[in-house]
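Everything below concerns the one structure shown next.
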Amino acid sequence: MSDYILYPGCSMEASARAYYDSLKAISKPLGLNLREIEDWNCCGATEYLSVSKTPAYALIARNLALASNQANETHSVVAPCSACYLNLAKADYYMREQPKLGKTVNEALAAGNLHYVPGSLDIRHLLDVIVYDIGLDSVEKKVVQPLTGLRVVPYLGCMVPRPDYDHHWSDHEFPVELDFLLKVLGADVVDYPLKTECCGGHMPQISPSTAFEMLRRLISTADERDGDVMVTICPMCQLNIDGYQGEMNQFFGTNYHMPILFFTQLMGLAFGIEPKELGFGLELVSARNVLDTLGVKAPPETPPAPPRRPRKPEGLPMPTPLTKPQIEALKKEVVK
Amino acid sequence: MTDNIENTSPSDAQEKIGVYVCHCGTNIAGVVDVVQVANWAAQSLKHRGVVIAREYKFMCSSPGQDLIEKDIKELGLNRVIVAACSPHLHEKTFRTACANAGLNPYLCEMVSIREQVSWVHTDKVAATEKAKAAISGGVERVRHHVPLQPIIVPINPATLIVGGGIAGIQSALEIADAGFHVYLVEREPSIGGHMAQFDKTFPTLDCSACILTPKMNSVGTHPNITLLTWSEVEKVDGYVGNFSVTVRKKARKVDEELCTGCGICQEKCPKKVIDNVFEAGLGYRKAIYTPSPQSVPNRPVIDVPNCTYYEKGTCKACDIFCAPKAIRFDQEDQILTLNVGNIILATGYELFDARRIPNYGYGRLPNVFTSLEIERLTNAAGPTNGNVVMRDGKTTPKTVGIIHCVGSRDKNYNNYCSVICCMQSLKFAHLVHERTGAQVYNFYIDIRAAFKDYDEFYQRVLDEGTMFVRGKVAEVTDVPRNENERGKLIIQVEDTLVGKQRRIPVDMVILSAGLEPRKDSKEVAKTFGISCSVNGWFIEKHPKLDPIATMTEGIFIAGCAQGPKDIPASVAQGAAAAARVLGRIEQKEMALEPVRASVIEEKCSGCRICNGLCPFNAITFHEDRMVTEINPALCQGCGTCVAACPAGAITGTGFSNDQIMAQIEGLLMMNIEPEAVTA
Amino acid sequence: MREEALKSNTPWICVSCYHCVVRCPQNIHIPDVMYTLKDMAVQAKLVQDSTAPDFSQTFVDMVEEYGRSFEMGLASRHYMKHFPLRLANMMPMGMGMLARKRMNLAPTRIKNMKQLKAILKRAKELEAKQ
């Protein structure tokens, strides 16, 4: 059993309930033991920092302090929501790197009889924990119903792979973690170059025209590349692409129907869990096509395709991509 | 301010010490009361042996030095203290002055009251007291100085040059033409370096091979040059004038004497491999190969990991078709020992790996190329015979974007400017337009076209219709936002001169990647005993005034190994290094500073703690006698071993334990009140 | 230039996607600059278009009252003030969210609101001192 402290975030209770339900459903097969922080509060998203600095960090730090009170052997806090993850990681990092801020925030926390030692907790995102701690091999073992024939578009959003202070992710702009996970679940992963482009965040509430254009780019590219469903790790991204797709279609006169699900929901399907337990039906742009695709093109007994003879390469040779160990070695050498 | 110098014992000194305090204009005099200090030295240190104390505006000037010389001759001084700037600057000046007056130069000691006093403190009273203390320390120390003679070593007239690029080739030719022997060691099968890969060179657009190959041939046929290609230096022993270098001549698997360079083996070899070195990964070579048709020496090499014979025991096509029967499958590496007097390192650069920048798409988007790939593409002997085509090998691009500063001037990758990329980008702009008629865009931050005819070349490229956009490119993407962009690579950039964001669709993107040091430069530096900067460039003795020497005597650096530079600068540096070496050879022998560590053998217990500490490999251990010995010619007098020895068995001439203890005593004789010291 | 800079709406359009900071060759932390500009603009009362700062302030008000974000309250207050005409278009989405219980009609409160209020009060005092 892997033990983690869970920081759910406000959206898990309401707008991203599908994420929460599916996370609970897959925790058992993955051996993931999640203990919620007692009486956690909102992390402030990007809003509190826009109003004032110290109170914003104090707001976040209360959760860190409560988590460290609850930590016995485990020091890892897992946050499924990208904005919460970034806020927790950022607060911890800044309190470490800027002792003055750390002191000030702890002074504020002291008014509530709390204290947080910067660096004492390891802040992780849920995807990071699943891919690297639990491991893709363990995930593969639990797959009973591979997602064969389903073309999935991996969309991570902007807040997780950046700024990545503690180097958990393979790349700032084209990370491979979600791609590998979906491949292991048996899906056809679409090569999606906008996988870390911002969905707009709170932009629908500020400037609808800007917001809709940002959403249109994401959805149209996914559609052009024949994606059946977009898969994401962030509640805000899911809400924007799912909730505002209708208004966006109206604005541009388009007719896109691109469902977007949480990656935990697809993991649950692959593990053979009932769709209802995974929050299917909660999305506004229906993901019925996903279930249909999987129902019809039922996988396991298809005979493996005969091995293809490697083709003679045409044109000029391409350079090979860097491997993760190479990237790590190069990152260490960067002189700041 | 009272000083507690004991006025008790009469001077046990037969030493006659002269103290000279320099004003250094206002550099010292502005903070330290030099007149007071000189007077104090004359009065209060009289019983410590000070016969005369003077102050003067600029001690390093001729009149200043004359003061010292006059006093030595007239007053019979036998020790001199100059309280002035840092010894790094003028120790030699004052030592020479003493020598001119007939006094052994090592009886002169400098005390720094500029770098260590006037330049770092603002409290004038305290600074003056500190200057006095420093002089007192110097006086006590110099009494323990003994006359020393420099160590004379002979210079072997042979020279080793490591690296066969343009800088190494230039050095080799200069020295060989002067009549002395040169060993040129090159890691690749042929000399020529990166310059051999280029098509044209800026700004004259000379064909690179046409100007390089005559020099390469001269090297290949020169009676005074021993060319060792496919070889690497493994170990360097010895010291300036007497280096003993171990070189591994890797097995080519071809008998160089018998081989005629006909090239049939390469034709018949069935195994094709991507050439990642010479063709920059864009073309192929065989398992038995010469890097290019103009290789010097024109003898192929077998790439053992990729050769079918070594893998499976079959094939042997090269052997079958070789007329003089020159293939030797079981040839072994040879270990050679070369004795040389001087070494020049000209190992060159590597290209920045553009895969590290994800937003430029190199390695992910097919039609993004690096500068070296384009050099090969435009080269008439390259994989496309000089046709500028896209990754499919066929299509000619209609618009091309060239991005400057890829991996350079960037805190995320390399902080420095790589010097040549702007000119190289302009060259590509010209060549691509000339060959394809395409519309070319250059995306720059600054145009660095500093040298002769460089800016004129920029004007020419402007006149040819190249579009220049001032802005660092944010990303290269294939995701279209409208129909104009479909099927193209879009460069997203802020045009800072216009003040707008632009998305420019192009067919092909060229990344002017920066220059980086060789991946193993730190190991190489260690082998040769020189220093490497944090980035990996070899460190010169003085960045302004001595870019070719290193802190290690006898080892010189030239070309891009010292830092990014263009071909004329590499040639100049190579020639300069050669000139320095020739000067040394002509002198036939060299005087080394006698300030050295030495082991008092009776005290050495054989613990060997010092053995691993020497940065100059000067320490050897005698197993038979269980004592350590320090080679005085290699030792630079850094003092590490002296400090490390637990038995105190190592002492330094010029920095003996007695001298240092005396200096400390002298400093402490001046009791400086704590309140006075503020800065 | 100070007034011009603080009146600009650029920082309010920033969504904190952090693309800029990972690419900046001088490692300037641009998102933090944006946050600071927003803070300063609010303090100096120089904000031109109040849509974004109002949204942030409303969000903050909810959090300071309940300890959790309250989307229903946030959306209704914000849209009433700034996008009243959009409310009609948003009906399908709003109803859809309510029907699927993805939006709560009543706010959730944390238990120890007193503690949070004390912490935030002290934090504001410390912020004012800087």
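Chain labels follow the order of the structure tokens: the first chain is A, the next B, and so on; residue numbering restarts at 1 in every chain, and ligands are counted from 1 in their shown order.
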For this session: Tell me the residues of chain A close to chain B, meaning within 8 Å using only C-alpha atoms, as a ChimeraX atom specification.
Result: /A:171-174,193-194,217,221,314-322,327,334-336
Could you turn the residues from that selection into a file that holds C-alpha atoms, as a PDB file, in the first residue's frame?
```pdb
ATOM      1  CA  ASP A 171       9.778  18.307 -20.255  1.00  0.00           C
ATOM      2  CA  HIS A 172       8.313  21.761 -19.839  1.00  0.00           C
ATOM      3  CA  GLU A 173       6.412  21.782 -23.081  1.00  0.00           C
ATOM      4  CA  PHE A 174       6.031  18.206 -24.341  1.00  0.00           C
ATOM      5  CA  PRO A 193       1.367  19.402 -29.880  1.00  0.00           C
ATOM      6  CA  LEU A 194      -0.886  21.674 -27.807  1.00  0.00           C
ATOM      7  CA  ARG A 217      -7.651  26.179 -30.882  1.00  0.00           C
ATOM      8  CA  THR A 221      -6.691  20.690 -33.294  1.00  0.00           C
ATOM      9  CA  GLU A 314      13.116   7.840 -47.179  1.00  0.00           C
ATOM     10  CA  GLY A 315      14.622  11.252 -47.332  1.00  0.00           C
ATOM     11  CA  LEU A 316      17.212  12.528 -44.871  1.00  0.00           C
ATOM     12  CA  PRO A 317      17.630  10.922 -41.436  1.00  0.00           C
ATOM     13  CA  MET A 318      16.008  12.595 -38.420  1.00  0.00           C
ATOM     14  CA  PRO A 319      17.820  13.137 -35.122  1.00  0.00           C
ATOM     15  CA  THR A 320      16.717  10.806 -32.306  1.00  0.00           C
ATOM     16  CA  PRO A 321      14.866  12.378 -29.362  1.00  0.00           C
ATOM     17  CA  LEU A 322      16.647  12.826 -26.030  1.00  0.00           C
ATOM     18  CA  ILE A 327      17.754  15.307 -20.110  1.00  0.00           C
ATOM     19  CA  VAL A 334      23.038  24.115 -16.593  1.00  0.00           C
ATOM     20  CA  VAL A 335      24.934  26.993 -14.991  1.00  0.00           C
ATOM     21  CA  LYS A 336      22.651  29.676 -13.635  1.00  0.00           C
TER      22      LYS A 336
END
```
For this session: Find the spatial neighbours of segment 36-39 of chain C, counting only C-alpha atoms, within a cut-off of 6 Å - ignore same-chain residues fewer than 6 positions away - and output them as a ChimeraX atom specification.
Result: /A:50-52
Exercise. Among segment 423-561 of chain B, which residues carry a DSSP assignment of helix (DSSP H, G or I), reported as a PyMOL selection string?
Worked result: chain B and resi 423-436+454-463+483-485+521-528+559-561
For this session: Give the strand (DSSP E or B) residues of segment 434-495 of chain B, as assigned by DSSP on the backbone, as a list in words.
Result: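 Taking segment 434-495 of chain B and keeping strand (DSSP E or B) only, one gets Gln439, Val440, Tyr441, Asn442, Phe443, Tyr444, Met467, Phe468, Val469, Arg470, Glu475, Val476, Thr477, Leu489, Ile490, Ile491, Gln492, Val493, Glu494 and Asp495 of chain B.
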Could the residues in this selection be saved with N, CA and C atoms as a PDB file, in the first residue's frame?
```pdb
ATOM      1  N   GLN B 439      12.289  32.882 -49.997  1.00  0.00           N
ATOM      2  CA  GLN B 439      12.247  34.089 -49.178  1.00  0.00           C
ATOM      3  C   GLN B 439      12.818  33.692 -47.815  1.00  0.00           C
ATOM      4  N   VAL B 440      13.825  34.421 -47.384  1.00  0.00           N
ATOM      5  CA  VAL B 440      14.481  34.062 -46.133  1.00  0.00           C
ATOM      6  C   VAL B 440      14.176  35.090 -45.053  1.00  0.00           C
ATOM      7  N   TYR B 441      13.841  34.596 -43.863  1.00  0.00           N
ATOM      8  CA  TYR B 441      13.657  35.465 -42.692  1.00  0.00           C
ATOM      9  C   TYR B 441      14.746  35.145 -41.685  1.00  0.00           C
ATOM     10  N   ASN B 442      15.383  36.168 -41.140  1.00  0.00           N
ATOM     11  CA  ASN B 442      16.335  35.956 -40.044  1.00  0.00           C
ATOM     12  C   ASN B 442      15.750  36.551 -38.768  1.00  0.00           C
ATOM     13  N   PHE B 443      15.755  35.763 -37.687  1.00  0.00           N
ATOM     14  CA  PHE B 443      15.193  36.231 -36.423  1.00  0.00           C
ATOM     15  C   PHE B 443      16.334  36.420 -35.438  1.00  0.00           C
ATOM     16  N   TYR B 444      16.612  37.668 -35.083  1.00  0.00           N
ATOM     17  CA  TYR B 444      17.809  37.949 -34.296  1.00  0.00           C
ATOM     18  C   TYR B 444      17.483  38.773 -33.068  1.00  0.00           C
ATOM     19  N   MET B 467      14.556  39.173 -45.122  1.00  0.00           N
ATOM     20  CA  MET B 467      13.778  39.917 -44.134  1.00  0.00           C
ATOM     21  C   MET B 467      14.391  39.691 -42.757  1.00  0.00           C
ATOM     22  N   PHE B 468      14.627  40.760 -42.047  1.00  0.00           N
ATOM     23  CA  PHE B 468      15.177  40.620 -40.697  1.00  0.00           C
ATOM     24  C   PHE B 468      14.125  40.999 -39.679  1.00  0.00           C
ATOM     25  N   VAL B 469      13.869  40.133 -38.720  1.00  0.00           N
ATOM     26  CA  VAL B 469      12.896  40.413 -37.673  1.00  0.00           C
ATOM     27  C   VAL B 469      13.640  40.414 -36.350  1.00  0.00           C
ATOM     28  N   ARG B 470      13.572  41.544 -35.636  1.00  0.00           N
ATOM     29  CA  ARG B 470      14.287  41.599 -34.367  1.00  0.00           C
ATOM     30  C   ARG B 470      13.384  41.055 -33.271  1.00  0.00           C
ATOM     31  N   GLU B 475       8.353  30.203 -30.323  1.00  0.00           N
ATOM     32  CA  GLU B 475       8.213  28.787 -30.624  1.00  0.00           C
ATOM     33  C   GLU B 475       8.096  28.548 -32.120  1.00  0.00           C
ATOM     34  N   VAL B 476       8.418  27.304 -32.495  1.00  0.00           N
ATOM     35  CA  VAL B 476       8.210  26.833 -33.855  1.00  0.00           C
ATOM     36  C   VAL B 476       7.162  25.739 -33.737  1.00  0.00           C
ATOM     37  N   THR B 477       6.053  25.897 -34.414  1.00  0.00           N
ATOM     38  CA  THR B 477       4.972  24.942 -34.238  1.00  0.00           C
ATOM     39  C   THR B 477       4.367  24.543 -35.569  1.00  0.00           C
ATOM     40  N   LEU B 489       5.481  25.266 -41.126  1.00  0.00           N
ATOM     41  CA  LEU B 489       5.981  25.475 -39.779  1.00  0.00           C
ATOM     42  C   LEU B 489       5.771  26.947 -39.458  1.00  0.00           C
ATOM     43  N   ILE B 490       5.154  27.201 -38.316  1.00  0.00           N
ATOM     44  CA  ILE B 490       4.880  28.602 -37.992  1.00  0.00           C
ATOM     45  C   ILE B 490       5.859  29.073 -36.932  1.00  0.00           C
ATOM     46  N   ILE B 491       6.500  30.192 -37.219  1.00  0.00           N
ATOM     47  CA  ILE B 491       7.424  30.777 -36.238  1.00  0.00           C
ATOM     48  C   ILE B 491       6.669  31.882 -35.523  1.00  0.00           C
ATOM     49  N   GLN B 492       6.541  31.725 -34.203  1.00  0.00           N
ATOM     50  CA  GLN B 492       5.845  32.756 -33.428  1.00  0.00           C
ATOM     51  C   GLN B 492       6.892  33.627 -32.752  1.00  0.00           C
ATOM     52  N   VAL B 493       6.841  34.924 -33.031  1.00  0.00           N
ATOM     53  CA  VAL B 493       7.888  35.823 -32.548  1.00  0.00           C
ATOM     54  C   VAL B 493       7.290  37.204 -32.329  1.00  0.00           C
ATOM     55  N   GLU B 494       7.855  37.952 -31.360  1.00  0.00           N
ATOM     56  CA  GLU B 494       7.445  39.342 -31.242  1.00  0.00           C
ATOM     57  C   GLU B 494       8.416  40.171 -32.050  1.00  0.00           C
ATOM     58  N   ASP B 495       7.903  40.888 -33.024  1.00  0.00           N
ATOM     59  CA  ASP B 495       8.754  41.787 -33.805  1.00  0.00           C
ATOM     60  C   ASP B 495       8.904  43.063 -32.976  1.00  0.00           C
TER      61      ASP B 495
END
```
Exercise. Which residues, written as a ChimeraX atom specification, have at least one atom at most 6 Å from Arg95 of chain B, with only C-alpha atoms counted and residues fewer than 3 positions away on the same chain left out?
Worked result: /B:92,98,105
Set the distance at 12 Å and use only C-alpha atoms: which residues neighbour Phe198 of chain B once local chain neighbours fewer than 2 positions away are removed? I'd like the list as a CSV table (one decimal) with C-alpha atoms, in the first residue's frame.
```csv
chain,number,residue,atom,x,y,z
B,192,GLY,CA,40.3,19.3,-40.8
B,193,GLY,CA,38.0,19.6,-37.9
B,194,HIS,CA,34.7,21.4,-38.3
B,195,MET,CA,36.0,23.7,-41.0
B,196,ALA,CA,36.2,20.7,-43.3
B,200,LYS,CA,31.5,28.3,-47.7
B,201,THR,CA,33.1,30.6,-45.2
B,202,PHE,CA,32.0,34.1,-44.3
B,205,LEU,CA,32.3,33.0,-49.4
B,206,ASP,CA,35.5,31.2,-50.1
B,207,CYS,CA,34.9,27.5,-50.5
B,208,SER,CA,35.9,26.1,-47.1
B,209,ALA,CA,37.5,22.9,-48.4
B,210,CYS,CA,39.4,24.8,-51.1
B,211,ILE,CA,41.2,27.0,-48.6
B,212,LEU,CA,41.6,24.2,-46.0
B,278,PHE,CA,31.1,14.4,-40.3
B,279,GLU,CA,27.7,14.4,-41.9
B,280,ALA,CA,26.1,15.8,-38.7
B,292,SER,CA,35.4,12.8,-46.6
B,371,SER,CA,23.5,24.9,-38.5
B,372,LEU,CA,25.8,21.9,-39.0
B,373,GLU,CA,23.1,20.0,-40.9
B,374,ILE,CA,22.7,23.0,-43.2
B,375,GLU,CA,26.5,23.1,-43.7
B,376,ARG,CA,26.3,19.6,-44.9
B,377,LEU,CA,23.2,20.3,-47.0
B,378,THR,CA,24.8,23.2,-48.8
B,379,ASN,CA,28.1,21.4,-49.3
B,380,ALA,CA,28.6,20.1,-52.8
B,381,ALA,CA,30.1,16.9,-51.5
B,382,GLY,CA,27.3,16.5,-48.9
B,386,GLY,CA,24.6,20.8,-52.4
B,424,GLN,CA,26.9,32.1,-40.0
B,427,LYS,CA,25.9,33.2,-44.7
B,428,PHE,CA,23.0,30.7,-44.7
B,567,ILE,CA,38.3,31.1,-38.3
```
Find the residues of chain A that sit at most 7 Å from chain C; for each, write down the nearest two atoms and how far apart they are in Å, to one decimal. Count only C-alpha atoms. Sort by chain, then by number going up, and give it as a Markdown table.
```
| residue | atom | partner | partner_atom | distance |
| --- | --- | --- | --- | --- |
| A:Cys10 | CA | C:Ser69 | CA | 6.3 |
| A:Ala14 | CA | C:Arg102 | CA | 4.4 |
| A:Ser15 | CA | C:Arg102 | CA | 4.2 |
| A:Ala16 | CA | C:Arg102 | CA | 6.9 |
| A:Arg17 | CA | C:Arg102 | CA | 6.7 |
| A:Asp39 | CA | C:Ile110 | CA | 5.9 |
| A:Asn41 | CA | C:Gly67 | CA | 5.2 |
| A:Cys42 | CA | C:Arg68 | CA | 4.7 |
| A:Glu47 | CA | C:Ser56 | CA | 4.7 |
| A:Tyr48 | CA | C:Val60 | CA | 5.9 |
| A:Leu49 | CA | C:Tyr35 | CA | 6.2 |
| A:Ser50 | CA | C:Tyr35 | CA | 5.2 |
| A:Val51 | CA | C:Asp39 | CA | 5.2 |
| A:Ser52 | CA | C:Asp39 | CA | 5.5 |
| A:Thr54 | CA | C:Glu127 | CA | 5.7 |
| A:Pro55 | CA | C:Ala123 | CA | 4.9 |
| A:Ala58 | CA | C:Ala123 | CA | 6.6 |
| A:Leu59 | CA | C:Leu120 | CA | 7.0 |
| A:Ala108 | CA | C:Ala123 | CA | 4.9 |
| A:Leu109 | CA | C:Ile119 | CA | 5.4 |
| A:Ala111 | CA | C:Ile119 | CA | 5.3 |
| A:Gly112 | CA | C:Gln115 | CA | 4.9 |
| A:Cys158 | CA | C:Cys17 | CA | 5.1 |
| A:Met159 | CA | C:Cys17 | CA | 6.0 |
| A:Arg162 | CA | C:Tyr18 | CA | 5.9 |
| A:Pro163 | CA | C:Tyr18 | CA | 6.3 |
| A:Cys198 | CA | C:Cys17 | CA | 5.9 |
| A:Gly200 | CA | C:Val15 | CA | 6.3 |
| A:Gly201 | CA | C:Val15 | CA | 6.0 |
| A:Ile206 | CA | C:Ala52 | CA | 5.6 |
| A:Gly243 | CA | C:Met93 | CA | 6.2 |
| A:Leu282 | CA | C:Arg100 | CA | 5.7 |
| A:Leu284 | CA | C:Gly96 | CA | 6.6 |
```
The selected residues should be written to file as a short mmCIF file (atom, residue, chain, number, x, y, z; two decimals), in the first residue's frame (atoms: N, CA and C atoms).
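So the final result, stored in again-v3.cif, reads:
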```cif
data_model
loop_
_atom_site.label_atom_id
_atom_site.label_comp_id
_atom_site.auth_asym_id
_atom_site.auth_seq_id
_atom_site.Cartn_x
_atom_site.Cartn_y
_atom_site.Cartn_z
N CYS A 10 -11.03 22.52 -3.85
CA CYS A 10 -12.47 22.82 -3.84
C CYS A 10 -13.23 22.19 -5.00
N ALA A 14 -17.30 19.54 -6.18
CA ALA A 14 -18.45 19.97 -6.99
C ALA A 14 -18.15 19.80 -8.48
N SER A 15 -17.48 20.79 -9.08
CA SER A 15 -17.40 20.77 -10.54
C SER A 15 -16.58 19.59 -11.08
N ALA A 16 -15.62 19.10 -10.30
CA ALA A 16 -14.81 17.99 -10.79
C ALA A 16 -15.11 16.72 -10.03
N ARG A 17 -16.37 16.52 -9.72
CA ARG A 17 -16.74 15.35 -8.93
C ARG A 17 -16.38 14.06 -9.63
N ASP A 39 -9.78 19.27 7.61
CA ASP A 39 -10.26 20.66 7.58
C ASP A 39 -9.42 21.56 6.67
N ASN A 41 -8.40 24.06 3.63
CA ASN A 41 -9.11 25.20 3.06
C ASN A 41 -8.69 25.42 1.61
N CYS A 42 -9.41 26.32 0.96
CA CYS A 42 -9.14 26.61 -0.45
C CYS A 42 -7.71 27.11 -0.62
N GLU A 47 -6.44 33.51 -7.94
CA GLU A 47 -7.12 34.75 -7.58
C GLU A 47 -6.53 35.46 -6.39
N TYR A 48 -6.20 34.66 -5.34
CA TYR A 48 -5.74 35.34 -4.12
C TYR A 48 -4.42 36.06 -4.35
N LEU A 49 -3.52 35.44 -5.15
CA LEU A 49 -2.22 36.08 -5.42
C LEU A 49 -2.39 37.38 -6.18
N SER A 50 -3.52 37.51 -6.88
CA SER A 50 -3.74 38.73 -7.65
C SER A 50 -4.18 39.87 -6.76
N VAL A 51 -4.50 39.55 -5.49
CA VAL A 51 -5.00 40.59 -4.61
C VAL A 51 -3.93 41.02 -3.62
N SER A 52 -3.34 40.04 -2.92
CA SER A 52 -2.18 40.40 -2.08
C SER A 52 -1.34 39.18 -1.77
N THR A 54 1.24 38.17 0.89
CA THR A 54 1.43 37.41 2.13
C THR A 54 0.19 36.63 2.54
N PRO A 55 -0.98 37.27 2.52
CA PRO A 55 -2.17 36.48 2.88
C PRO A 55 -2.38 35.30 1.94
N ALA A 58 -0.09 32.65 3.05
CA ALA A 58 -0.52 32.15 4.36
C ALA A 58 -1.71 31.21 4.20
N LEU A 59 -2.60 31.57 3.27
CA LEU A 59 -3.77 30.73 3.00
C LEU A 59 -3.32 29.33 2.57
N ALA A 108 2.43 34.60 10.38
CA ALA A 108 0.97 34.65 10.20
C ALA A 108 0.34 33.36 10.68
N LEU A 109 0.97 32.22 10.34
CA LEU A 109 0.42 30.93 10.77
C LEU A 109 0.37 30.83 12.28
N ALA A 111 -0.46 32.92 14.32
CA ALA A 111 -1.71 33.49 14.86
C ALA A 111 -2.79 32.43 14.96
N GLY A 112 -2.63 31.34 14.21
CA GLY A 112 -3.58 30.24 14.29
C GLY A 112 -2.96 29.01 14.94
N CYS A 158 -1.37 23.74 -18.36
CA CYS A 158 -0.12 24.49 -18.23
C CYS A 158 0.51 24.44 -16.85
N MET A 159 -0.29 24.20 -15.80
CA MET A 159 0.26 24.45 -14.46
C MET A 159 1.07 23.31 -13.89
N ARG A 162 4.86 23.16 -15.73
CA ARG A 162 5.60 24.39 -15.50
C ARG A 162 5.18 24.98 -14.17
N PRO A 163 6.02 25.66 -13.43
CA PRO A 163 7.45 25.78 -13.67
C PRO A 163 8.27 24.60 -13.17
N CYS A 198 -2.28 26.62 -22.52
CA CYS A 198 -3.24 26.98 -21.50
C CYS A 198 -4.66 26.96 -22.05
N GLY A 200 -7.01 28.70 -20.72
CA GLY A 200 -7.57 30.02 -20.48
C GLY A 200 -7.82 30.29 -19.02
N GLY A 201 -7.86 29.25 -18.21
CA GLY A 201 -8.06 29.46 -16.77
C GLY A 201 -9.37 30.16 -16.51
N ILE A 206 -13.53 36.65 -17.63
CA ILE A 206 -12.92 37.98 -17.79
C ILE A 206 -13.16 38.53 -19.20
N GLY A 243 -17.52 22.59 -20.16
CA GLY A 243 -18.62 23.49 -19.83
C GLY A 243 -18.86 24.59 -20.84
N LEU A 282 -21.48 12.89 -15.90
CA LEU A 282 -21.39 14.20 -15.27
C LEU A 282 -20.88 15.25 -16.25
N LEU A 284 -20.73 17.61 -19.53
CA LEU A 284 -21.78 18.29 -20.29
C LEU A 284 -21.75 17.89 -21.76
#
```
For this session: Could you tell me which of A:Val290, A:Val176, A:Val190, A:Met258 comes closest to Leu215 of chain A if we count only C-alpha atoms?
Result: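 Looking only at the distances to Leu215 of chain A, the closest residue turns out to be A:Met258.
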Problem set entry | Polymer residues at most 9 Å from Glu177 of chain A, only C-alpha atoms, same-chain spacing of 4 or more positions, as an MDAnalysis selection string | chainID A and resid 127:128 131:132 169:170 181:182
Can I get the selected residues back with N, CA and C atoms, as a PDB file, in the first residue's frame?
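So the final result, stored in result.pdb, reads:
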```
ATOM      1  N   LEU A 127      -0.776  12.465 -11.186  1.00  0.00           N
ATOM      2  CA  LEU A 127      -0.248  11.756 -12.356  1.00  0.00           C
ATOM      3  C   LEU A 127       1.196  11.327 -12.110  1.00  0.00           C
ATOM      4  N   ASP A 128       1.970  12.219 -11.518  1.00  0.00           N
ATOM      5  CA  ASP A 128       3.370  11.953 -11.185  1.00  0.00           C
ATOM      6  C   ASP A 128       3.455  10.729 -10.274  1.00  0.00           C
ATOM      7  N   VAL A 131       2.505   7.505 -12.275  1.00  0.00           N
ATOM      8  CA  VAL A 131       3.473   7.057 -13.287  1.00  0.00           C
ATOM      9  C   VAL A 131       4.809   6.660 -12.663  1.00  0.00           C
ATOM     10  N   TYR A 132       5.264   7.429 -11.669  1.00  0.00           N
ATOM     11  CA  TYR A 132       6.607   7.172 -11.157  1.00  0.00           C
ATOM     12  C   TYR A 132       6.646   6.389  -9.860  1.00  0.00           C
ATOM     13  N   TRP A 169       9.073  16.486 -13.855  1.00  0.00           N
ATOM     14  CA  TRP A 169       8.488  16.171 -15.152  1.00  0.00           C
ATOM     15  C   TRP A 169       9.544  16.114 -16.233  1.00  0.00           C
ATOM     16  N   SER A 170       9.231  15.332 -17.300  1.00  0.00           N
ATOM     17  CA  SER A 170      10.249  15.064 -18.313  1.00  0.00           C
ATOM     18  C   SER A 170      10.522  16.284 -19.187  1.00  0.00           C
ATOM     19  N   LEU A 181       1.150   6.685 -20.005  1.00  0.00           N
ATOM     20  CA  LEU A 181       0.108   6.071 -19.202  1.00  0.00           C
ATOM     21  C   LEU A 181      -1.039   5.595 -20.098  1.00  0.00           C
ATOM     22  N   LEU A 182      -1.436   6.459 -21.031  1.00  0.00           N
ATOM     23  CA  LEU A 182      -2.557   6.093 -21.897  1.00  0.00           C
ATOM     24  C   LEU A 182      -2.185   4.924 -22.802  1.00  0.00           C
TER      25      LEU A 182
END
```
Exercise. Any idea what the distance is between atom CA of Val340 of chain B and atom CA of Gln587 of chain B?
Worked result: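 Interatomic distance here is 15.1 Å.
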Problem set entry | Atomic separation - atom CA of Ile343 of chain B relative to atom CA of Ile555 of chain B, Å | 4.8 Å
Problem set entry | Of the listed residues C:Ala106, C:Arg2, C:Ile28, C:Met91, that which approaches chain B most closely, counting only C-alpha atoms | C:Ile28
Exercise. Within 12 Å of Asp453 of chain B, counting only C-alpha atoms, which residues qualify if same-chain residues fewer than 2 places away don't, as a PyMOL selection string?
Worked result: chain B and resi 202-205+423+449-451+455-460
For this session: For Gln562 of chain B, work out the shell of residues within 9 Å, counting only C-alpha atoms and skipping chain neighbours fewer than 3 positions away, then give it as a list in words.
Result: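 Skipping anything fewer than 3 positions along the chain leaves Ala346, Thr347, Gly348, Pro517, Trp537, Phe538, Ile539, Glu540, Pro547, Ile548, Ile557, Ala558, Gly559 and Lys565 of chain B.
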